[in-house]
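Enquirer: One structure is given below, represented as structure tokens, and several questions about it will come after.
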Amino acid sequence: MKDKCLQQKLIDGHFGLTFVSAIEDDEGVTSHLTDKEGRAHVVRSLYLVGADGGGSTVRKSAGIKMIGGPM
Ligand SMILES: Cc1cc2nc3c(=O)[nH]c(=O)nc-3n(C[C@H](O)[C@H](O)[C@H](O)COP(=O)(O)OP(=O)(O)OC[C@H]3O[C@@H](n4cnc5c(N)ncnc54)[C@H](O)[C@@H]3O)c2cc1C
């Protein structure tokens with residue numbers, strides 16, 4: 001999947017970053033991330049998609065509660 005994504009011209013891959021938090025406004029989203037050296041990165045985008053698993057930091061950052069619980 002990673003190789004396929006990186007072959008797409010419309011996708012810029014930035015692996016190795018940890019999502020920390022995001023702030024949404026009327027025009028989009030400002031996301032705060034850190035790299036392995038602890039440096040801060042700020043990314044501005046129209047949308048933010050959470051694909052970071054059951055304990056999703058993206059979900060928590062959006063103030064969305066998990067439906068259900070651990071099995
Ligand atoms: C022990 C175990 C066994 C399981 N067995 C099965 C099974 O047999 N069949 C089945 O259907 N499901 C099973 N599951 C559930 C299955 O793993 C999940 O449903 C599935 O992996 C969820 O996929 P996902 O892509 O949403 O999240 P994940 O596979 O959890 O991927 C999330 C990704 O986001 C990354 N990430 C997380 N936080 C951050 C962050 N802050 N910044 C940047 N990246 C981040 C993680 O490193 C990871 O690469 C199992 C789960 C566990 C824990």
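Letters A, B, ... go to the chains of the structure tokens in the order shown; residues in each chain start at 1; ligands are counted from 1 in the same order.
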Please extract the residues at most 9 Å from ligand 1, counting only C-alpha atoms and all ligand atoms, and provide them as an MDAnalysis selection string, using the chain letters and residue numbers of this document.
Expert: chainID A and resid 15:21 33:34 50:58
Enquirer: Can you tell me, as a list in words, which residues in segment 7-68 of chain A count as strand (DSSP E or B) by DSSP?
Expert: Thr18, Phe19, Val20, Ser21, Ala22, Ile23, Glu24, Asp25, Gly28, Val29, Thr30, Ser31, His32, Leu33, Thr34, Ala40, His41, Val42, Val43, Arg44 and Ser45 of chain A
Enquirer: Which polymer residues have any atom within 10 Å of an atom of Glu27 of chain A, counting only C-alpha atoms, with same-chain residues fewer than 4 positions away left out, as a list in words?
Expert: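 What passes the distance filter is Arg44, Ser45, Leu46 and Tyr47 of chain A.
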Enquirer: Check chain A with DSSP on the backbone and list each residue it calls alpha helix (DSSP H), as a list of chain:residue names.
Expert: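 After running DSSP on the backbone, chain A has alpha helix (DSSP H) at A:Lys2, A:Asp3, A:Lys4, A:Cys5, A:Leu6, A:Gln7, A:Thr57, A:Val58, A:Arg59, A:Lys60, A:Ser61.
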Enquirer: Please dump the current selection as a CSV table (one decimal), in the first residue's frame; keep C-alpha atoms.
Expert:
```
chain,number,residue,atom,x,y,z
A,2,LYS,CA,2.8,2.4,0.9
A,3,ASP,CA,4.6,1.7,-2.4
A,4,LYS,CA,1.4,2.2,-4.4
A,5,CYS,CA,0.7,5.5,-2.6
A,6,LEU,CA,4.2,6.8,-3.2
A,7,GLN,CA,3.8,6.0,-7.0
A,57,THR,CA,-5.4,10.8,18.4
A,58,VAL,CA,-7.1,12.5,15.4
A,59,ARG,CA,-10.6,11.4,16.8
A,60,LYS,CA,-9.8,12.7,20.3
A,61,SER,CA,-8.4,15.9,18.8
```
Enquirer: From the options A:Ile67, A:Met1, A:Ile11, A:Ala62, which residue's atoms come nearest to Leu48 of chain A, counting only C-alpha atoms?
Expert: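 Comparing A:Ile67, A:Met1, A:Ile11, A:Ala62 against Leu48 of chain A, the winner is A:Ala62.
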Enquirer: Go through A:Ala22, A:Met71, A:Val49, A:His14 and flag the residue nearest Asp35 of chain A, using only C-alpha atoms for the distances.
Expert: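 Going through A:Ala22, A:Met71, A:Val49, A:His14 one by one, the smallest distance to Asp35 of chain A is for A:His14.
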